[in-house]
Structures are given as C-alpha cells and as structure tokens.
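Asks: If it helps, the file is called data.pdb and holds PDB, C-alpha atoms, pLDDT in the B column:
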ATOM      1  CA  GLN A 864    -195.418-145.944 -73.021  1.00 93.00           C
ATOM      2  CA  VAL A 865    -196.376-143.252 -70.532  1.00 96.00           C
ATOM      3  CA  GLN A 866    -196.198-144.109 -66.859  1.00 97.00           C
ATOM      4  CA  LEU A 867    -196.852-142.056 -63.749  1.00 98.00           C
ATOM      5  CA  VAL A 868    -195.977-143.933 -60.573  1.00 98.00           C
ATOM      6  CA  GLU A 869    -196.893-142.533 -57.168  1.00 97.00           C
ATOM      7  CA  SER A 870    -195.188-143.532 -53.944  1.00 98.00           C
ATOM      8  CA  GLY A 871    -194.817-142.352 -50.362  1.00 98.00           C
ATOM      9  CA  GLY A 872    -198.293-142.999 -49.022  1.00 97.00           C
ATOM     10  CA  GLY A 873    -198.961-144.655 -45.710  1.00 97.00           C
ATOM     11  CA  LEU A 874    -200.461-144.328 -42.256  1.00 98.00           C
ATOM     12  CA  VAL A 875    -199.743-141.149 -40.302  1.00 98.00           C
ATOM     13  CA  GLN A 876    -201.131-139.642 -37.111  1.00 98.00           C
ATOM     14  CA  PRO A 877    -203.102-136.398 -37.161  1.00 98.00           C
ATOM     15  CA  GLY A 878    -200.718-133.464 -37.240  1.00 98.00           C
ATOM     16  CA  GLY A 879    -198.052-135.510 -38.960  1.00 98.00           C
ATOM     17  CA  SER A 880    -196.370-135.143 -42.339  1.00 98.00           C
ATOM     18  CA  LEU A 881    -195.867-137.178 -45.474  1.00 98.00           C
ATOM     19  CA  THR A 882    -194.222-136.525 -48.817  1.00 98.00           C
ATOM     20  CA  LEU A 883    -195.673-138.141 -51.909  1.00 98.00           C
ATOM     21  CA  SER A 884    -193.672-138.634 -55.087  1.00 98.00           C
ATOM     22  CA  CYS A 885    -194.781-139.228 -58.644  1.00 98.00           C
ATOM     23  CA  ALA A 886    -192.178-140.426 -61.122  1.00 98.00           C
ATOM     24  CA  ALA A 887    -192.979-139.948 -64.791  1.00 98.00           C
ATOM     25  CA  SER A 888    -191.651-141.724 -67.841  1.00 97.00           C
ATOM     26  CA  GLY A 889    -192.527-141.658 -71.520  1.00 96.00           C
ATOM     27  CA  ILE A 890    -193.240-137.916 -71.591  1.00 94.00           C
ATOM     28  CA  VAL A 891    -191.200-134.741 -71.877  1.00 95.00           C
ATOM     29  CA  PHE A 892    -191.819-134.088 -68.207  1.00 96.00           C
ATOM     30  CA  SER A 893    -190.653-130.477 -68.101  1.00 97.00           C
ATOM     31  CA  THR A 894    -193.330-129.437 -70.611  1.00 97.00           C
ATOM     32  CA  TYR A 895    -196.229-130.851 -68.613  1.00 98.00           C
ATOM     33  CA  ALA A 896    -198.348-129.204 -65.956  1.00 98.00           C
ATOM     34  CA  MET A 897    -198.488-131.602 -63.031  1.00 98.00           C
ATOM     35  CA  TYR A 898    -201.400-132.072 -60.677  1.00 98.00           C
ATOM     36  CA  TRP A 899    -202.309-133.915 -57.517  1.00 98.00           C
ATOM     37  CA  TYR A 900    -205.855-135.132 -56.953  1.00 98.00           C
ATOM     38  CA  ARG A 901    -207.358-137.268 -54.221  1.00 98.00           C
ATOM     39  CA  GLN A 902    -210.370-139.501 -53.761  1.00 98.00           C
ATOM     40  CA  ALA A 903    -211.806-140.407 -50.389  1.00 97.00           C
ATOM     41  CA  PRO A 904    -214.050-143.458 -49.942  1.00 92.00           C
ATOM     42  CA  GLY A 905    -217.528-142.777 -51.268  1.00 94.00           C
ATOM     43  CA  LYS A 906    -216.558-139.386 -52.673  1.00 97.00           C
ATOM     44  CA  GLU A 907    -215.638-138.015 -56.058  1.00 97.00           C
ATOM     45  CA  ARG A 908    -212.052-137.372 -57.024  1.00 98.00           C
ATOM     46  CA  GLU A 909    -211.085-133.820 -56.100  1.00 98.00           C
ATOM     47  CA  TYR A 910    -208.367-131.418 -57.110  1.00 98.00           C
ATOM     48  CA  VAL A 911    -205.557-130.810 -54.626  1.00 98.00           C
ATOM     49  CA  ALA A 912    -202.745-128.871 -56.290  1.00 98.00           C
ATOM     50  CA  ARG A 913    -201.236-127.812 -59.596  1.00 98.00           C
ATOM     51  CA  LEU A 914    -197.720-126.909 -60.717  1.00 98.00           C
ATOM     52  CA  SER A 915    -197.327-125.508 -64.194  1.00 97.00           C
ATOM     53  CA  SER A 916    -194.361-126.119 -66.443  1.00 96.00           C
ATOM     54  CA  ASP A 917    -193.161-122.588 -65.703  1.00 95.00           C
ATOM     55  CA  GLY A 918    -193.407-123.005 -61.948  1.00 95.00           C
ATOM     56  CA  ASN A 919    -196.752-121.457 -61.041  1.00 97.00           C
ATOM     57  CA  THR A 920    -198.616-123.193 -58.240  1.00 98.00           C
ATOM     58  CA  ASN A 921    -202.245-123.379 -57.186  1.00 98.00           C
ATOM     59  CA  TYR A 922    -203.924-125.171 -54.298  1.00 98.00           C
ATOM     60  CA  ALA A 923    -207.371-126.204 -53.216  1.00 98.00           C
ATOM     61  CA  ASP A 924    -208.562-124.117 -50.288  1.00 98.00           C
ATOM     62  CA  SER A 925    -208.732-127.225 -48.108  1.00 97.00           C
ATOM     63  CA  VAL A 926    -204.955-127.767 -48.315  1.00 98.00           C
ATOM     64  CA  LYS A 927    -203.632-124.234 -48.785  1.00 98.00           C
ATOM     65  CA  GLY A 928    -200.894-123.462 -46.276  1.00 98.00           C
ATOM     66  CA  ARG A 929    -200.427-127.129 -45.375  1.00 98.00           C
ATOM     67  CA  PHE A 930    -199.449-128.803 -48.669  1.00 98.00           C
ATOM     68  CA  THR A 931    -196.657-127.863 -51.066  1.00 98.00           C
ATOM     69  CA  ILE A 932    -196.281-129.113 -54.624  1.00 98.00           C
ATOM     70  CA  SER A 933    -192.854-129.112 -56.232  1.00 98.00           C
ATOM     71  CA  ARG A 934    -191.048-130.741 -59.116  1.00 97.00           C
ATOM     72  CA  ASP A 935    -187.574-131.895 -60.088  1.00 97.00           C
ATOM     73  CA  ASN A 936    -187.387-131.908 -63.870  1.00 97.00           C
ATOM     74  CA  ALA A 937    -183.998-133.624 -63.801  1.00 97.00           C
ATOM     75  CA  LYS A 938    -185.630-136.570 -62.030  1.00 98.00           C
ATOM     76  CA  ASN A 939    -188.961-136.381 -63.907  1.00 98.00           C
ATOM     77  CA  THR A 940    -190.665-136.299 -60.525  1.00 98.00           C
ATOM     78  CA  VAL A 941    -193.359-134.216 -58.873  1.00 98.00           C
ATOM     79  CA  TYR A 942    -193.774-134.112 -55.094  1.00 98.00           C
ATOM     80  CA  LEU A 943    -196.495-133.270 -52.634  1.00 98.00           C
ATOM     81  CA  GLN A 944    -195.267-132.296 -49.187  1.00 98.00           C
ATOM     82  CA  MET A 945    -198.171-132.656 -46.765  1.00 98.00           C
ATOM     83  CA  ASN A 946    -197.965-131.138 -43.285  1.00 98.00           C
ATOM     84  CA  SER A 947    -200.440-130.798 -40.426  1.00 98.00           C
ATOM     85  CA  LEU A 948    -202.394-133.738 -41.764  1.00 98.00           C
ATOM     86  CA  LYS A 949    -206.010-134.191 -40.715  1.00 98.00           C
ATOM     87  CA  PRO A 950    -208.242-137.273 -40.757  1.00 97.00           C
ATOM     88  CA  GLU A 951    -210.193-135.672 -43.607  1.00 97.00           C
ATOM     89  CA  ASP A 952    -207.036-135.821 -45.744  1.00 98.00           C
ATOM     90  CA  THR A 953    -207.426-139.599 -45.837  1.00 98.00           C
ATOM     91  CA  ALA A 954    -207.744-140.616 -49.494  1.00 98.00           C
ATOM     92  CA  VAL A 955    -206.061-142.218 -52.439  1.00 98.00           C
ATOM     93  CA  TYR A 956    -203.790-139.581 -53.950  1.00 98.00           C
ATOM     94  CA  TYR A 957    -203.260-139.480 -57.706  1.00 98.00           C
ATOM     95  CA  CYS A 958    -200.864-137.507 -59.830  1.00 98.00           C
ATOM     96  CA  ARG A 959    -201.758-136.274 -63.277  1.00 98.00           C
ATOM     97  CA  GLY A 960    -199.712-134.851 -66.108  1.00 98.00           C
ATOM     98  CA  LEU A 961    -201.412-132.567 -68.632  1.00 97.00           C
ATOM     99  CA  ARG A 962    -200.248-130.815 -71.775  1.00 97.00           C
ATOM    100  CA  ASN A 963    -202.414-129.453 -74.577  1.00 94.00           C
ATOM    101  CA  SER A 964    -205.485-131.263 -73.226  1.00 91.00           C
ATOM    102  CA  VAL A 965    -203.699-134.633 -73.296  1.00 95.00           C
ATOM    103  CA  GLY A 966    -203.481-136.061 -69.824  1.00 96.00           C
ATOM    104  CA  TYR A 967    -202.210-139.098 -67.969  1.00 97.00           C
ATOM    105  CA  TRP A 968    -203.008-140.485 -64.533  1.00 98.00           C
ATOM    106  CA  GLY A 969    -201.003-142.493 -62.083  1.00 97.00           C
ATOM    107  CA  GLN A 970    -202.409-145.493 -60.240  1.00 97.00           C
ATOM    108  CA  GLY A 971    -202.645-143.745 -56.878  1.00 97.00           C
ATOM    109  CA  THR A 972    -201.167-144.121 -53.409  1.00 98.00           C
ATOM    110  CA  GLN A 973    -203.152-144.475 -50.192  1.00 98.00           C
ATOM    111  CA  VAL A 974    -202.798-141.900 -47.422  1.00 98.00           C
ATOM    112  CA  THR A 975    -204.493-142.663 -44.127  1.00 98.00           C
ATOM    113  CA  VAL A 976    -204.522-140.120 -41.304  1.00 98.00           C
ATOM    114  CA  SER A 977    -205.581-141.759 -38.071  1.00 97.00           C
ATOM    115  CA  SER A 978    -204.550-142.136 -34.468  1.00 95.00           C
TER     116      SER A 978
END
Since I need it in another form, could you write the structure as structure tokens?
Replies:
Amino acid sequence: QVQLVESGGGLVQPGGSLTLSCAASGIVFSTYAMYWYRQAPGKEREYVARLSSDGNTNYADSVKGRFTISRDNAKNTVYLQMNSLKPEDTAVYYCRGLRNSVGYWGQGTQVTVSS
C-alpha cells in the first residue's frame, strides 16, 4: 500500500519560515520524481516545486528564491523549506510522487501565514 504523509504545517507570521516533510512508503522512493503542490481556499491546486530522481529541481515563479525542495532517499522523505513566507502562501500543501505516469498524492498539510 502506497502512502505519502505530509507533516510540518502550521501557523507562521509573515516573513517566517517552515519546513514541510513528506514521508513515503510502499514505493521505490529513489526512482520517483517528487512534487509539492498547494491549494488555497476557493482556488485550484497549483504546482509549487519538483525534484527529479536525478536531483534536478524546478520551481513555480511565485516561490522561486524563497522555497527549496530536497529529498533524503535513505529516509524516503521529501522536504520543502519555505522562507520569507507571505500571506498568499496560505494553503493546504500536498506532496506527489510520480513515475512513468503513475502518481500518488498525500493527504495535505495546512500552512497559514498570518500575523
């Protein structure tokens, strides 16, 4: 059974930082491209960042320079380091694993940026 479990969300003030984690099980983690997406209230889910199995990264323009995606294959975990957070970063953050067009989603973790 494949599971992706996000953690690390919470309430943070504007300008603050958070690190999200996504622990995977039931897949050969190192062979999967890993993604972070987010969905704000009343909006569609949007792409945030991607980390390929060979280490290439890509970011949405809205988070470039502020967010960093990384992975620890020994721990089957992908991370999203989020700095300089803005109120518009408030959303439920989801991780996704994808290989050969077969993908899995986590259940999401809430991030709220507010003073």
Asks: Kindly assemble as a Markdown table a list of the segment 869-925 of chain A residues that lie within 7 Å of segment 933-956 of chain A, each paired with its nearest atom pair and their distance in Å to one decimal, using all atoms listed in the file, sorted first by chain and then by ascending residue number.
Replies:
| residue | atom | partner | partner_atom | distance |
| --- | --- | --- | --- | --- |
| A:Pro877 | CA | A:Lys949 | CA | 5.1 |
| A:Gly878 | CA | A:Ser947 | CA | 4.2 |
| A:Gly879 | CA | A:Leu948 | CA | 5.5 |
| A:Ser880 | CA | A:Asn946 | CA | 4.4 |
| A:Leu881 | CA | A:Met945 | CA | 5.2 |
| A:Thr882 | CA | A:Gln944 | CA | 4.4 |
| A:Leu883 | CA | A:Leu943 | CA | 5.0 |
| A:Ser884 | CA | A:Tyr942 | CA | 4.5 |
| A:Cys885 | CA | A:Val941 | CA | 5.2 |
| A:Ala886 | CA | A:Thr940 | CA | 4.4 |
| A:Ala887 | CA | A:Asn939 | CA | 5.4 |
| A:Phe892 | CA | A:Asn939 | CA | 5.6 |
| A:Ser893 | CA | A:Asn936 | CA | 5.5 |
| A:Trp899 | CA | A:Tyr956 | CA | 6.9 |
| A:Tyr900 | CA | A:Tyr956 | CA | 5.8 |
| A:Arg901 | CA | A:Tyr956 | CA | 4.3 |
| A:Gln902 | CA | A:Ala954 | CA | 5.1 |
| A:Ala903 | CA | A:Ala954 | CA | 4.2 |
| A:Pro904 | CA | A:Ala954 | CA | 6.9 |
| A:Leu914 | CA | A:Ser933 | CA | 7.0 |
Asks: Grab the residues selected above and save them as a short mmCIF file (atom, residue, chain, number, x, y, z; two decimals), keeping the file's coordinate frame with C-alpha atoms.
Replies:
data_model
loop_
_atom_site.label_atom_id
_atom_site.label_comp_id
_atom_site.auth_asym_id
_atom_site.auth_seq_id
_atom_site.Cartn_x
_atom_site.Cartn_y
_atom_site.Cartn_z
CA PRO A 877 -203.10 -136.40 -37.16
CA GLY A 878 -200.72 -133.46 -37.24
CA GLY A 879 -198.05 -135.51 -38.96
CA SER A 880 -196.37 -135.14 -42.34
CA LEU A 881 -195.87 -137.18 -45.47
CA THR A 882 -194.22 -136.52 -48.82
CA LEU A 883 -195.67 -138.14 -51.91
CA SER A 884 -193.67 -138.63 -55.09
CA CYS A 885 -194.78 -139.23 -58.64
CA ALA A 886 -192.18 -140.43 -61.12
CA ALA A 887 -192.98 -139.95 -64.79
CA PHE A 892 -191.82 -134.09 -68.21
CA SER A 893 -190.65 -130.48 -68.10
CA TRP A 899 -202.31 -133.92 -57.52
CA TYR A 900 -205.86 -135.13 -56.95
CA ARG A 901 -207.36 -137.27 -54.22
CA GLN A 902 -210.37 -139.50 -53.76
CA ALA A 903 -211.81 -140.41 -50.39
CA PRO A 904 -214.05 -143.46 -49.94
CA LEU A 914 -197.72 -126.91 -60.72
#
Asks: What does the distance from atom CA of Ser915 of chain A to atom CA of Gln864 of chain A come to in Å, to one decimal?
Replies: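 That distance, rounded to one decimal, is 22.3 Å.
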Asks: Which value, in Å to one decimal, gives the distance between atom CA of Val875 of chain A and atom CA of Thr920 of chain A?
Replies: 25.4 Å
Asks: Got a sec to resolve the PyMOL selection byres ((chain A and resi 925) around 10) on this structure and send the residues as a PyMOL selection string?
Replies: chain A and resi 910-911+922-924+926-930+951-952
Asks: Residue by residue, what does the PyMOL selection byres ((chain A and resi 959-965) around 8) grab here? Present the result as a short mmCIF file (atom, residue, chain, number, x, y, z; two decimals) with C-alpha atoms, keeping the file's coordinate frame.
Replies:
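The resulting file, expr_24.cif, is reproduced below:
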data_model
loop_
_atom_site.label_atom_id
_atom_site.label_comp_id
_atom_site.auth_asym_id
_atom_site.auth_seq_id
_atom_site.Cartn_x
_atom_site.Cartn_y
_atom_site.Cartn_z
CA LEU A 867 -196.85 -142.06 -63.75
CA THR A 894 -193.33 -129.44 -70.61
CA TYR A 895 -196.23 -130.85 -68.61
CA ALA A 896 -198.35 -129.20 -65.96
CA MET A 897 -198.49 -131.60 -63.03
CA TYR A 898 -201.40 -132.07 -60.68
CA TRP A 899 -202.31 -133.92 -57.52
CA TYR A 900 -205.86 -135.13 -56.95
CA TYR A 957 -203.26 -139.48 -57.71
CA CYS A 958 -200.86 -137.51 -59.83
CA GLY A 966 -203.48 -136.06 -69.82
CA TYR A 967 -202.21 -139.10 -67.97
CA TRP A 968 -203.01 -140.49 -64.53
CA GLY A 969 -201.00 -142.49 -62.08
#
Asks: Find the distance between atom CA of Val865 of chain A and atom CA of Gln970 of chain A and write it in Å to one decimal.
Replies: 12.1 Å
Asks: With all atoms of segment 954-970 of chain A from the file as input, state the centre and edge lengths in Å to one decimal of the axis-aligned box that has 6 Å extra on each side, as lines of an AutoDock Vina configuration file.
Replies:
center_x = -203.7
center_y = -137.5
center_z = -62.0
size_x = 20.0
size_y = 28.0
size_z = 37.1
Asks: Rebuild N, CA and C atoms on segment 916-941 of chain A, as an mmCIF file, in the coordinates of the input?
Replies:
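What landed in result-v4.cif:
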data_model
loop_
_atom_site.group_PDB
_atom_site.id
_atom_site.type_symbol
_atom_site.label_atom_id
_atom_site.label_comp_id
_atom_site.auth_asym_id
_atom_site.auth_seq_id
_atom_site.Cartn_x
_atom_site.Cartn_y
_atom_site.Cartn_z
ATOM 1 N N SER A 916 -195.701 -125.869 -65.919
ATOM 2 C CA SER A 916 -194.361 -126.119 -66.443
ATOM 3 C C SER A 916 -193.427 -124.944 -66.186
ATOM 4 N N ASP A 917 -194.007 -123.750 -65.981
ATOM 5 C CA ASP A 917 -193.161 -122.588 -65.703
ATOM 6 C C ASP A 917 -193.113 -122.238 -64.223
ATOM 7 N N GLY A 918 -193.617 -123.147 -63.380
ATOM 8 C CA GLY A 918 -193.407 -123.005 -61.948
ATOM 9 C C GLY A 918 -194.528 -122.369 -61.148
ATOM 10 N N ASN A 919 -195.638 -122.039 -61.787
ATOM 11 C CA ASN A 919 -196.752 -121.457 -61.041
ATOM 12 C C ASN A 919 -197.520 -122.540 -60.290
ATOM 13 N N THR A 920 -197.903 -122.231 -59.069
ATOM 14 C CA THR A 920 -198.616 -123.193 -58.240
ATOM 15 C C THR A 920 -200.021 -122.701 -57.917
ATOM 16 N N ASN A 921 -200.875 -123.669 -57.622
ATOM 17 C CA ASN A 921 -202.245 -123.379 -57.186
ATOM 18 C C ASN A 921 -202.693 -124.510 -56.295
ATOM 19 N N TYR A 922 -203.491 -124.176 -55.275
ATOM 20 C CA TYR A 922 -203.924 -125.171 -54.298
ATOM 21 C C TYR A 922 -205.415 -125.076 -54.041
ATOM 22 N N ALA A 923 -206.012 -126.209 -53.725
ATOM 23 C CA ALA A 923 -207.371 -126.204 -53.216
ATOM 24 C C ALA A 923 -207.381 -125.506 -51.858
ATOM 25 N N ASP A 924 -208.481 -124.836 -51.552
ATOM 26 C CA ASP A 924 -208.562 -124.117 -50.288
ATOM 27 C C ASP A 924 -208.361 -125.037 -49.093
ATOM 28 N N SER A 925 -208.795 -126.284 -49.234
ATOM 29 C CA SER A 925 -208.732 -127.225 -48.108
ATOM 30 C C SER A 925 -207.304 -127.602 -47.724
ATOM 31 N N VAL A 926 -206.340 -127.378 -48.606
ATOM 32 C CA VAL A 926 -204.955 -127.767 -48.315
ATOM 33 C C VAL A 926 -203.998 -126.585 -48.315
ATOM 34 N N LYS A 927 -204.489 -125.412 -48.677
ATOM 35 C CA LYS A 927 -203.632 -124.234 -48.785
ATOM 36 C C LYS A 927 -202.962 -123.948 -47.447
ATOM 37 N N GLY A 928 -201.651 -123.723 -47.492
ATOM 38 C CA GLY A 928 -200.894 -123.462 -46.276
ATOM 39 C C GLY A 928 -200.385 -124.707 -45.585
ATOM 40 N N ARG A 929 -200.875 -125.868 -45.972
ATOM 41 C CA ARG A 929 -200.427 -127.129 -45.375
ATOM 42 C C ARG A 929 -199.669 -128.011 -46.360
ATOM 43 N N PHE A 930 -200.059 -127.960 -47.632
ATOM 44 C CA PHE A 930 -199.449 -128.803 -48.669
ATOM 45 C C PHE A 930 -198.596 -127.942 -49.596
ATOM 46 N N THR A 931 -197.526 -128.543 -50.111
ATOM 47 C CA THR A 931 -196.657 -127.863 -51.066
ATOM 48 C C THR A 931 -196.345 -128.797 -52.219
ATOM 49 N N ILE A 932 -196.616 -128.343 -53.430
ATOM 50 C CA ILE A 932 -196.281 -129.113 -54.624
ATOM 51 C C ILE A 932 -194.973 -128.587 -55.196
ATOM 52 N N SER A 933 -194.128 -129.502 -55.643
ATOM 53 C CA SER A 933 -192.854 -129.112 -56.232
ATOM 54 C C SER A 933 -192.478 -130.140 -57.292
ATOM 55 N N ARG A 934 -191.472 -129.813 -58.071
ATOM 56 C CA ARG A 934 -191.048 -130.741 -59.116
ATOM 57 C C ARG A 934 -189.530 -130.683 -59.279
ATOM 58 N N ASP A 935 -188.988 -131.799 -59.734
ATOM 59 C CA ASP A 935 -187.574 -131.895 -60.088
ATOM 60 C C ASP A 935 -187.536 -132.405 -61.519
ATOM 61 N N ASN A 936 -187.342 -131.510 -62.465
ATOM 62 C CA ASN A 936 -187.387 -131.908 -63.870
ATOM 63 C C ASN A 936 -186.230 -132.837 -64.245
ATOM 64 N N ALA A 937 -185.130 -132.733 -63.526
ATOM 65 C CA ALA A 937 -183.998 -133.624 -63.801
ATOM 66 C C ALA A 937 -184.320 -135.065 -63.429
ATOM 67 N N LYS A 938 -185.237 -135.233 -62.472
ATOM 68 C CA LYS A 938 -185.630 -136.570 -62.030
ATOM 69 C C LYS A 938 -187.001 -136.969 -62.557
ATOM 70 N N ASN A 939 -187.614 -136.108 -63.370
ATOM 71 C CA ASN A 939 -188.961 -136.381 -63.907
ATOM 72 C C ASN A 939 -189.941 -136.725 -62.788
ATOM 73 N N THR A 940 -189.881 -135.977 -61.713
ATOM 74 C CA THR A 940 -190.665 -136.299 -60.525
ATOM 75 C C THR A 940 -191.354 -135.054 -59.981
ATOM 76 N N VAL A 941 -192.605 -135.250 -59.575
ATOM 77 C CA VAL A 941 -193.359 -134.216 -58.873
ATOM 78 C C VAL A 941 -193.620 -134.710 -57.453
#
